[in-house]
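Undergrad: Structure file input.cif, mmCIF, C-alpha atoms, is pasted below:
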data_entry
loop_
_atom_site.group_PDB
_atom_site.id
_atom_site.type_symbol
_atom_site.label_atom_id
_atom_site.label_comp_id
_atom_site.auth_asym_id
_atom_site.auth_seq_id
_atom_site.Cartn_x
_atom_site.Cartn_y
_atom_site.Cartn_z
ATOM 1 C CA MET S 1 141.025 110.598 182.329
ATOM 2 C CA THR S 2 141.816 108.994 179.005
ATOM 3 C CA THR S 3 141.722 111.361 176.063
ATOM 4 C CA ARG S 4 141.368 110.479 172.420
ATOM 5 C CA PRO S 5 144.747 110.388 170.684
ATOM 6 C CA GLU S 6 145.271 113.018 167.992
ATOM 7 C CA HIS S 7 145.390 111.700 164.414
ATOM 8 C CA ASP S 8 145.783 113.623 161.185
ATOM 9 C CA GLU S 9 144.726 110.538 159.213
ATOM 10 C CA PRO S 10 142.218 107.847 160.143
ATOM 11 C CA PRO S 11 143.765 104.678 161.579
ATOM 12 C CA SER S 12 144.204 101.793 159.166
ATOM 13 C CA ASP S 13 142.572 99.254 161.452
ATOM 14 C CA TYR S 14 141.579 98.408 165.019
ATOM 15 C CA ARG S 15 142.206 95.619 167.497
ATOM 16 C CA LEU S 16 139.868 93.940 169.975
ATOM 17 C CA LEU S 17 140.634 91.327 172.609
ATOM 18 C CA LEU S 18 137.984 88.589 172.789
ATOM 19 C CA PRO S 19 137.745 85.817 175.403
ATOM 20 C CA ASP S 20 138.376 82.200 174.473
ATOM 21 C CA GLY S 21 135.325 80.671 172.846
ATOM 22 C CA TRP S 22 134.512 83.691 170.663
ATOM 23 C CA PHE S 23 134.793 83.239 166.897
ATOM 24 C CA ARG S 24 135.094 85.816 164.135
ATOM 25 C CA ILE S 25 133.168 85.853 160.861
ATOM 26 C CA LEU S 26 134.436 88.220 158.184
ATOM 27 C CA LEU S 27 131.461 89.847 156.483
ATOM 28 C CA ASP S 28 132.967 90.942 153.171
ATOM 29 C CA PRO S 29 131.217 88.846 150.463
ATOM 30 C CA GLU S 30 134.541 87.594 149.102
ATOM 31 C CA GLN S 31 135.514 86.187 152.491
ATOM 32 C CA ARG S 32 132.152 85.491 154.131
ATOM 33 C CA ASP S 33 131.461 81.917 153.008
ATOM 34 C CA ARG S 34 135.000 80.750 153.761
ATOM 35 C CA SER S 35 134.802 82.339 157.185
ATOM 36 C CA VAL S 36 131.432 80.703 157.945
ATOM 37 C CA ASP S 37 132.592 77.310 156.653
ATOM 38 C CA ALA S 38 135.708 77.448 158.828
ATOM 39 C CA LEU S 39 133.588 78.180 161.923
ATOM 40 C CA VAL S 40 131.128 75.380 161.148
ATOM 41 C CA GLU S 41 133.924 72.859 160.600
ATOM 42 C CA ARG S 42 135.510 73.903 163.874
ATOM 43 C CA ARG S 43 132.227 73.570 165.785
ATOM 44 C CA PHE S 44 131.533 70.109 164.350
ATOM 45 C CA GLN S 45 135.086 68.825 164.537
ATOM 46 C CA GLY S 46 134.990 65.118 165.401
ATOM 47 C CA ILE S 47 131.223 64.885 164.812
ATOM 48 C CA ASP S 48 130.413 62.988 161.611
ATOM 49 C CA ASN S 49 126.800 61.969 162.227
ATOM 50 C CA ALA S 50 125.083 65.369 162.185
ATOM 51 C CA PRO S 51 125.135 66.575 158.550
ATOM 52 C CA HIS S 52 121.646 68.090 158.848
ATOM 53 C CA LEU S 53 122.563 70.167 161.920
ATOM 54 C CA LYS S 54 125.784 71.191 160.236
ATOM 55 C CA ASP S 55 123.938 72.388 157.121
ATOM 56 C CA GLU S 56 121.383 74.252 159.267
ATOM 57 C CA MET S 57 124.114 76.058 161.172
ATOM 58 C CA ARG S 58 125.928 76.984 157.962
ATOM 59 C CA ALA S 59 122.735 78.361 156.367
ATOM 60 C CA ASP S 60 121.812 80.324 159.521
ATOM 61 C CA LEU S 61 125.274 81.861 159.851
ATOM 62 C CA ARG S 62 125.385 82.812 156.184
ATOM 63 C CA ARG S 63 121.983 84.503 156.518
ATOM 64 C CA ARG S 64 123.035 86.407 159.649
ATOM 65 C CA ALA S 65 126.335 87.424 158.077
ATOM 66 C CA ALA S 66 124.632 88.705 154.913
ATOM 67 C CA GLU S 67 122.139 90.739 156.967
ATOM 68 C CA ALA S 68 124.944 92.185 159.091
ATOM 69 C CA TYR S 69 126.914 93.179 155.984
ATOM 70 C CA ARG S 70 123.898 94.941 154.455
ATOM 71 C CA GLY S 71 123.649 96.951 157.682
ATOM 72 C CA GLY S 72 127.239 98.179 157.365
ATOM 73 C CA GLY S 73 128.850 95.359 159.331
ATOM 74 C CA ILE S 74 132.568 94.663 159.070
ATOM 75 C CA GLU S 75 132.971 91.696 161.392
ATOM 76 C CA LEU S 76 130.645 89.482 163.405
ATOM 77 C CA TYR S 77 131.868 87.720 166.526
ATOM 78 C CA LEU S 78 129.863 84.858 168.046
ATOM 79 C CA SER S 79 130.310 83.401 171.511
ATOM 80 C CA PHE S 80 130.451 79.661 171.973
ATOM 81 C CA GLN S 81 132.051 80.170 175.375
ATOM 82 C CA GLU S 82 131.176 77.379 177.783
ATOM 83 C CA ALA S 83 130.221 77.526 181.450
ATOM 84 C CA GLY S 84 130.015 73.962 182.681
ATOM 85 C CA PRO S 85 127.608 72.076 180.402
ATOM 86 C CA LEU S 86 126.109 75.297 179.019
ATOM 87 C CA THR S 87 127.126 77.488 176.087
ATOM 88 C CA ILE S 88 126.930 81.234 176.717
ATOM 89 C CA PRO S 89 125.181 82.766 173.689
ATOM 90 C CA ALA S 90 126.281 86.265 172.756
ATOM 91 C CA SER S 91 127.360 88.226 169.709
ATOM 92 C CA LEU S 92 129.342 91.302 168.756
ATOM 93 C CA LEU S 93 128.766 93.115 165.485
ATOM 94 C CA VAL S 94 131.398 95.665 164.461
ATOM 95 C CA SER S 95 130.184 98.208 161.917
ATOM 96 C CA LEU S 96 130.736 101.730 160.658
ATOM 97 C CA ALA S 97 127.776 103.816 161.774
ATOM 98 C CA PRO S 98 126.297 106.297 159.288
ATOM 99 C CA LEU S 99 126.104 109.957 160.238
ATOM 100 C CA ARG S 100 122.890 110.921 162.010
ATOM 101 C CA GLY S 101 122.831 114.360 160.398
ATOM 102 C CA PRO S 102 124.677 116.635 157.932
ATOM 103 C CA GLU S 103 127.462 117.185 160.477
ATOM 104 C CA PRO S 104 129.059 114.645 162.826
ATOM 105 C CA LEU S 105 127.989 114.908 166.452
ATOM 106 C CA SER S 106 130.405 114.961 169.345
ATOM 107 C CA PRO S 107 130.051 112.008 171.763
ATOM 108 C CA HIS S 108 128.292 114.217 174.318
ATOM 109 C CA ASP S 109 125.857 115.544 171.711
ATOM 110 C CA LEU S 110 125.268 112.015 170.401
ATOM 111 C CA ALA S 111 124.567 110.781 173.926
ATOM 112 C CA GLY S 112 122.064 113.610 174.350
ATOM 113 C CA ALA S 113 120.342 112.639 171.098
ATOM 114 C CA PHE S 114 120.058 109.020 172.233
ATOM 115 C CA ALA S 115 118.720 110.024 175.642
ATOM 116 C CA LYS S 116 116.194 112.381 174.060
ATOM 117 C CA GLY S 117 115.055 109.675 171.647
ATOM 118 C CA ALA S 118 114.381 107.114 174.389
ATOM 119 C CA GLU S 119 110.800 106.594 175.491
ATOM 120 C CA PRO S 120 109.955 108.673 178.607
ATOM 121 C CA ASP S 121 108.791 105.603 180.541
ATOM 122 C CA GLU S 122 111.532 103.321 179.243
ATOM 123 C CA ASP S 123 113.675 102.185 182.168
ATOM 124 C CA ASP S 124 115.540 99.598 180.109
ATOM 125 C CA THR S 125 117.634 102.108 178.140
ATOM 126 C CA LYS S 126 120.642 103.741 179.786
ATOM 127 C CA VAL S 127 122.919 106.178 177.959
ATOM 128 C CA SER S 128 126.315 107.307 179.208
ATOM 129 C CA VAL S 129 129.599 108.755 177.975
ATOM 130 C CA GLU S 130 132.624 106.589 178.719
ATOM 131 C CA GLU S 131 136.367 107.066 178.402
ATOM 132 C CA LEU S 132 138.104 104.201 176.585
ATOM 133 C CA ALA S 133 141.698 103.751 175.488
ATOM 134 C CA ALA S 134 140.393 104.343 171.944
ATOM 135 C CA GLY S 135 138.761 107.648 172.918
ATOM 136 C CA THR S 136 135.546 109.100 174.311
ATOM 137 C CA ALA S 137 132.612 106.820 173.473
ATOM 138 C CA VAL S 138 128.851 106.727 173.895
ATOM 139 C CA ARG S 139 127.491 103.630 175.661
ATOM 140 C CA VAL S 140 123.846 102.608 175.249
ATOM 141 C CA ARG S 141 122.493 99.653 177.180
ATOM 142 C CA SER S 142 118.964 98.468 176.416
ATOM 143 C CA THR S 143 116.636 95.511 176.794
ATOM 144 C CA THR S 144 114.321 94.370 174.025
ATOM 145 C CA ARG S 145 111.331 92.425 175.273
ATOM 146 C CA PRO S 146 109.356 90.071 173.000
ATOM 147 C CA THR S 147 105.698 90.562 172.203
ATOM 148 C CA GLU S 148 103.174 88.049 173.461
ATOM 149 C CA ARG S 149 103.241 86.271 170.117
ATOM 150 C CA GLU S 150 107.037 86.193 170.103
ATOM 151 C CA ARG S 151 107.027 84.740 173.627
ATOM 152 C CA GLN S 152 104.681 81.995 172.472
ATOM 153 C CA GLU S 153 107.145 81.260 169.686
ATOM 154 C CA GLY S 154 109.910 80.827 172.258
ATOM 155 C CA GLN S 155 111.675 84.165 171.864
ATOM 156 C CA ARG S 156 113.213 85.730 174.958
ATOM 157 C CA ALA S 157 114.189 89.205 176.015
ATOM 158 C CA SER S 158 117.593 90.254 174.762
ATOM 159 C CA VAL S 159 120.073 92.639 176.329
ATOM 160 C CA SER S 160 122.283 94.801 174.137
ATOM 161 C CA VAL S 161 125.165 97.152 174.831
ATOM 162 C CA GLU S 162 126.297 99.532 172.097
ATOM 163 C CA TYR S 163 129.535 101.487 172.050
ATOM 164 C CA HIS S 164 129.740 104.372 169.561
ATOM 165 C CA VAL S 165 133.423 105.251 169.211
ATOM 166 C CA PRO S 166 134.575 108.197 167.031
ATOM 167 C CA VAL S 167 137.153 107.147 164.442
ATOM 168 C CA PRO S 168 140.132 109.509 164.838
ATOM 169 C CA GLY S 169 140.799 111.770 161.877
ATOM 170 C CA SER S 170 137.369 111.153 160.338
ATOM 171 C CA ALA S 171 133.683 111.969 160.749
ATOM 172 C CA GLN S 172 132.737 108.322 161.259
ATOM 173 C CA TYR S 173 131.845 106.304 164.333
ATOM 174 C CA LEU S 174 132.843 102.694 164.859
ATOM 175 C CA LEU S 175 129.874 100.889 166.377
ATOM 176 C CA LEU S 176 130.275 97.864 168.629
ATOM 177 C CA THR S 177 126.925 96.137 169.165
ATOM 178 C CA PHE S 178 126.909 93.423 171.804
ATOM 179 C CA SER S 179 123.844 91.254 172.380
ATOM 180 C CA THR S 180 122.796 88.284 174.507
ATOM 181 C CA PRO S 181 119.465 86.577 175.284
ATOM 182 C CA LEU S 182 120.588 85.864 178.861
ATOM 183 C CA GLU S 183 118.589 88.558 180.664
ATOM 184 C CA PRO S 184 118.866 86.848 184.112
ATOM 185 C CA VAL S 185 122.642 87.459 184.041
ATOM 186 C CA ALA S 186 122.449 90.743 182.139
ATOM 187 C CA ASP S 187 124.729 92.655 184.517
ATOM 188 C CA ALA S 188 127.472 90.030 184.310
ATOM 189 C CA MET S 189 127.221 89.910 180.524
ATOM 190 C CA ALA S 190 127.246 93.717 180.314
ATOM 191 C CA GLY S 191 130.436 93.687 182.384
ATOM 192 C CA LEU S 192 132.009 91.277 179.894
ATOM 193 C CA PHE S 193 130.917 93.479 177.005
ATOM 194 C CA ASP S 194 132.410 96.535 178.725
ATOM 195 C CA ALA S 195 135.727 94.730 179.155
ATOM 196 C CA ILE S 196 135.843 93.816 175.456
ATOM 197 C CA ALA S 197 135.003 97.388 174.410
ATOM 198 C CA SER S 198 137.730 98.697 176.735
ATOM 199 C CA SER S 199 140.278 96.608 174.811
ATOM 200 C CA LEU S 200 139.638 98.497 171.549
ATOM 201 C CA THR S 201 142.770 100.150 170.166
ATOM 202 C CA TRP S 202 143.545 101.810 166.842
ATOM 203 C CA THR S 203 146.418 100.674 164.636
ATOM 204 C CA GLU S 204 148.415 102.660 162.088
#
How does the structure come out when it is put into structure tokens?

TA:
Amino acid sequence: MTTRPEHDEPPSDYRLLLPDGWFRILLDPEQRDRSVDALVERRFQGIDNAPHLKDEMRADLRRRAAEAYRGGGIELYLSFQEAGPLTIPASLLVSLAPLRGPEPLSPHDLAGAFAKGAEPDEDDTKVSVEELAAGTAVRVRSTTRPTERERQEGQRASVSVEYHVPVPGSAQYLLLTFSTPLEPVADAMAGLFDAIASSLTWTE
């Protein structure tokens, strides 16, 4: 069993291994626009006849990045990974989760709180405690289904996997929130998300 390494001081940073085709957007306001612009230029490299699509993508990414930052986000990763002619849509938001009470909860207590808070008839939410190289973490997998109106507007069910990882030497949790609209291949995508979360390591 992997145990959480002992730290007197919080780590200075963390590392994650992402597959090819995933791109990082820094969410700090001083870096956000440059980060978004670099991603847009990379996506439209060699394409000079789509200025409208380029502007739309830039505006959408800036909006998403600003919303993620207001929610405590540090970094946003977007998947443009390709499988044949298709692009696999997925995202990972890394954030510092606020405390849920006056005192920090242990991973097992936090998992119990999540399980207790789930709807009794909700089969789409699964809570577990996992051992990662970065320490003991709480994993929450859930499916969000659109309302009838949202379905009519073209929205699809989305699958998310959250990892709540205690930051050593502090009372904070690092939250990894993975999401994809590809419900038909949810298990395969969840496996990919698990592999990325397993790569998390702390740096001094």

Undergrad: In Å, with one decimal, what is the gap from atom CA of S:Ala137 to atom CA of S:Pro166?

TA: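 We find that atom CA of S:Ala137 and atom CA of S:Pro166 lie 6.9 Å from each other.
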
Undergrad: To one decimal place, how far is atom CA of S:Ala111 from atom CA of S:Ser199 in Å?

TA: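 According to the coordinates, atom CA of S:Ala111 and atom CA of S:Ser199 are separated by 21.2 Å.
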
Undergrad: Any chance you could work out the residue set of the PyMOL selection byres ((chain S and resi 78) around 8) here, as a ChimeraX atom specification?

TA: /S:22-25,76-77,79-80,89-92

Undergrad: What gap, in Å, lies between atom CA of S:His164 and atom CA of S:Val138?

TA: 5.0 Å

Undergrad: Write out as a VMD selection string which residues come within 10 Å of stretch 170-180 of chain S when counting all atoms listed in the file, dropping same-chain ones fewer than 6 positions away.

TA: chain S and resid 7 to 11 14 72 to 79 88 to 99 103 to 107 137 to 143 156 to 164 186 189 to 190 192 to 194 196 to 197 200

Undergrad: What residues come out when you apply the PyMOL selection byres ((chain S and resi 29) around 12) to this file, written as a list in words?

TA: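 So the PyMOL selection byres ((chain S and resi 29) around 12) ends up selecting Ile25, Leu26, Leu27, Asp28, Glu30, Gln31, Arg32, Asp33, Arg34, Ser35, Val36, Arg62, Arg63, Ala65, Ala66, Glu67, Ala68, Tyr69, Arg70, Gly73, Ile74 and Glu75 of chain S.
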
Undergrad: How would you write, as number ranges by chain, the residues chosen by the PyMOL selection byres ((chain S and resi 55-58) around 9) on this structure?

TA: S: 33, 36-37, 39-40, 50-54, 59-63

Undergrad: Taking the structure I provided as the source, export stretch 73-86 of chain S with all heavy atoms, as a PDB file, in the first residue's frame.

TA:
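Result saved to part-v6.pdb:
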ATOM      1  N   GLY S  73      -9.487  27.669  -9.611  1.00  0.00           N
ATOM      2  CA  GLY S  73      -8.656  26.900 -10.526  1.00  0.00           C
ATOM      3  C   GLY S  73      -7.242  27.438 -10.644  1.00  0.00           C
ATOM      4  O   GLY S  73      -7.001  28.641 -10.555  1.00  0.00           O
ATOM      5  N   ILE S  74      -6.307  26.515 -10.830  1.00  0.00           N
ATOM      6  CA  ILE S  74      -4.898  26.850 -11.022  1.00  0.00           C
ATOM      7  C   ILE S  74      -4.511  26.645 -12.480  1.00  0.00           C
ATOM      8  O   ILE S  74      -3.880  27.494 -13.101  1.00  0.00           O
ATOM      9  CB  ILE S  74      -4.007  25.967 -10.127  1.00  0.00           C
ATOM     10  CG1 ILE S  74      -4.364  26.155  -8.655  1.00  0.00           C
ATOM     11  CG2 ILE S  74      -2.534  26.278 -10.373  1.00  0.00           C
ATOM     12  CD1 ILE S  74      -3.706  25.136  -7.751  1.00  0.00           C
ATOM     13  N   GLU S  75      -4.882  25.491 -13.003  1.00  0.00           N
ATOM     14  CA  GLU S  75      -4.578  25.148 -14.392  1.00  0.00           C
ATOM     15  C   GLU S  75      -5.777  24.439 -15.002  1.00  0.00           C
ATOM     16  O   GLU S  75      -6.514  23.722 -14.311  1.00  0.00           O
ATOM     17  CB  GLU S  75      -3.363  24.214 -14.479  1.00  0.00           C
ATOM     18  CG  GLU S  75      -2.070  24.808 -13.987  1.00  0.00           C
ATOM     19  CD  GLU S  75      -0.931  23.808 -14.060  1.00  0.00           C
ATOM     20  OE1 GLU S  75      -1.156  22.622 -13.760  1.00  0.00           O
ATOM     21  OE2 GLU S  75       0.181  24.203 -14.420  1.00  0.00           O
ATOM     22  N   LEU S  76      -5.941  24.618 -16.306  1.00  0.00           N
ATOM     23  CA  LEU S  76      -6.976  23.920 -17.056  1.00  0.00           C
ATOM     24  C   LEU S  76      -6.301  23.197 -18.211  1.00  0.00           C
ATOM     25  O   LEU S  76      -5.559  23.812 -18.988  1.00  0.00           O
ATOM     26  CB  LEU S  76      -8.015  24.912 -17.585  1.00  0.00           C
ATOM     27  CG  LEU S  76      -9.119  24.353 -18.483  1.00  0.00           C
ATOM     28  CD1 LEU S  76     -10.006  23.383 -17.703  1.00  0.00           C
ATOM     29  CD2 LEU S  76      -9.954  25.481 -19.075  1.00  0.00           C
ATOM     30  N   TYR S  77      -6.530  21.896 -18.284  1.00  0.00           N
ATOM     31  CA  TYR S  77      -6.001  21.098 -19.387  1.00  0.00           C
ATOM     32  C   TYR S  77      -7.162  20.684 -20.295  1.00  0.00           C
ATOM     33  O   TYR S  77      -8.204  20.228 -19.804  1.00  0.00           O
ATOM     34  CB  TYR S  77      -5.305  19.832 -18.879  1.00  0.00           C
ATOM     35  CG  TYR S  77      -4.035  20.077 -18.095  1.00  0.00           C
ATOM     36  CD1 TYR S  77      -4.084  20.346 -16.727  1.00  0.00           C
ATOM     37  CD2 TYR S  77      -2.787  20.017 -18.702  1.00  0.00           C
ATOM     38  CE1 TYR S  77      -2.924  20.562 -15.995  1.00  0.00           C
ATOM     39  CE2 TYR S  77      -1.620  20.219 -17.979  1.00  0.00           C
ATOM     40  CZ  TYR S  77      -1.698  20.495 -16.629  1.00  0.00           C
ATOM     41  OH  TYR S  77      -0.543  20.686 -15.915  1.00  0.00           O
ATOM     42  N   LEU S  78      -6.965  20.824 -21.603  1.00  0.00           N
ATOM     43  CA  LEU S  78      -7.988  20.441 -22.571  1.00  0.00           C
ATOM     44  C   LEU S  78      -7.427  19.388 -23.509  1.00  0.00           C
ATOM     45  O   LEU S  78      -6.281  19.467 -23.955  1.00  0.00           O
ATOM     46  CB  LEU S  78      -8.447  21.659 -23.390  1.00  0.00           C
ATOM     47  CG  LEU S  78      -9.080  22.797 -22.589  1.00  0.00           C
ATOM     48  CD1 LEU S  78      -9.391  23.959 -23.525  1.00  0.00           C
ATOM     49  CD2 LEU S  78     -10.352  22.327 -21.898  1.00  0.00           C
ATOM     50  N   SER S  79      -8.244  18.384 -23.804  1.00  0.00           N
ATOM     51  CA  SER S  79      -7.839  17.316 -24.702  1.00  0.00           C
ATOM     52  C   SER S  79      -8.264  17.622 -26.134  1.00  0.00           C
ATOM     53  O   SER S  79      -9.435  17.881 -26.403  1.00  0.00           O
ATOM     54  CB  SER S  79      -8.471  15.981 -24.277  1.00  0.00           C
ATOM     55  OG  SER S  79      -8.328  15.009 -25.301  1.00  0.00           O
ATOM     56  N   PHE S  80      -7.277  17.606 -27.017  1.00  0.00           N
ATOM     57  CA  PHE S  80      -7.529  17.609 -28.449  1.00  0.00           C
ATOM     58  C   PHE S  80      -6.929  16.344 -29.050  1.00  0.00           C
ATOM     59  O   PHE S  80      -6.515  16.303 -30.201  1.00  0.00           O
ATOM     60  CB  PHE S  80      -6.933  18.864 -29.101  1.00  0.00           C
ATOM     61  CG  PHE S  80      -7.602  20.138 -28.647  1.00  0.00           C
ATOM     62  CD1 PHE S  80      -7.031  20.912 -27.660  1.00  0.00           C
ATOM     63  CD2 PHE S  80      -8.813  20.535 -29.185  1.00  0.00           C
ATOM     64  CE1 PHE S  80      -7.643  22.083 -27.223  1.00  0.00           C
ATOM     65  CE2 PHE S  80      -9.435  21.704 -28.753  1.00  0.00           C
ATOM     66  CZ  PHE S  80      -8.850  22.470 -27.777  1.00  0.00           C
ATOM     67  N   GLN S  81      -6.884  15.305 -28.207  1.00  0.00           N
ATOM     68  CA  GLN S  81      -6.345  14.009 -28.605  1.00  0.00           C
ATOM     69  C   GLN S  81      -7.208  13.437 -29.721  1.00  0.00           C
ATOM     70  O   GLN S  81      -8.435  13.547 -29.690  1.00  0.00           O
ATOM     71  CB  GLN S  81      -6.341  13.076 -27.393  1.00  0.00           C
ATOM     72  CG  GLN S  81      -5.523  11.830 -27.548  1.00  0.00           C
ATOM     73  CD  GLN S  81      -5.454  11.043 -26.236  1.00  0.00           C
ATOM     74  OE1 GLN S  81      -6.011  11.460 -25.224  1.00  0.00           O
ATOM     75  NE2 GLN S  81      -4.781   9.914 -26.257  1.00  0.00           N
ATOM     76  N   GLU S  82      -6.586  12.841 -30.707  1.00  0.00           N
ATOM     77  CA  GLU S  82      -7.312  12.340 -31.866  1.00  0.00           C
ATOM     78  C   GLU S  82      -7.342  10.823 -31.882  1.00  0.00           C
ATOM     79  O   GLU S  82      -6.368  10.160 -31.523  1.00  0.00           O
ATOM     80  CB  GLU S  82      -6.678  12.875 -33.155  1.00  0.00           C
ATOM     81  CG  GLU S  82      -6.778  14.395 -33.283  1.00  0.00           C
ATOM     82  CD  GLU S  82      -6.146  14.914 -34.557  1.00  0.00           C
ATOM     83  OE1 GLU S  82      -5.485  14.111 -35.257  1.00  0.00           O
ATOM     84  OE2 GLU S  82      -6.312  16.111 -34.857  1.00  0.00           O
ATOM     85  N   ALA S  83      -8.493  10.296 -32.304  1.00  0.00           N
ATOM     86  CA  ALA S  83      -8.671   8.860 -32.520  1.00  0.00           C
ATOM     87  C   ALA S  83      -9.239   8.706 -33.921  1.00  0.00           C
ATOM     88  O   ALA S  83     -10.437   8.864 -34.137  1.00  0.00           O
ATOM     89  CB  ALA S  83      -9.609   8.268 -31.478  1.00  0.00           C
ATOM     90  N   GLY S  84      -8.362   8.434 -34.874  1.00  0.00           N
ATOM     91  CA  GLY S  84      -8.800   8.413 -36.268  1.00  0.00           C
ATOM     92  C   GLY S  84      -9.199   9.816 -36.685  1.00  0.00           C
ATOM     93  O   GLY S  84      -8.488  10.791 -36.428  1.00  0.00           O
ATOM     94  N   PRO S  85     -10.386   9.966 -37.285  1.00  0.00           N
ATOM     95  CA  PRO S  85     -10.827  11.298 -37.720  1.00  0.00           C
ATOM     96  C   PRO S  85     -11.483  12.110 -36.602  1.00  0.00           C
ATOM     97  O   PRO S  85     -11.871  13.259 -36.818  1.00  0.00           O
ATOM     98  CB  PRO S  85     -11.853  10.972 -38.811  1.00  0.00           C
ATOM     99  CG  PRO S  85     -12.438   9.661 -38.382  1.00  0.00           C
ATOM    100  CD  PRO S  85     -11.317   8.896 -37.719  1.00  0.00           C
ATOM    101  N   LEU S  86     -11.619  11.524 -35.411  1.00  0.00           N
ATOM    102  CA  LEU S  86     -12.352  12.168 -34.336  1.00  0.00           C
ATOM    103  C   LEU S  86     -11.410  12.761 -33.296  1.00  0.00           C
ATOM    104  O   LEU S  86     -10.316  12.238 -33.055  1.00  0.00           O
ATOM    105  CB  LEU S  86     -13.291  11.162 -33.653  1.00  0.00           C
ATOM    106  CG  LEU S  86     -14.321  10.477 -34.547  1.00  0.00           C
ATOM    107  CD1 LEU S  86     -15.110   9.452 -33.737  1.00  0.00           C
ATOM    108  CD2 LEU S  86     -15.258  11.499 -35.178  1.00  0.00           C
TER     109      LEU S  86
END
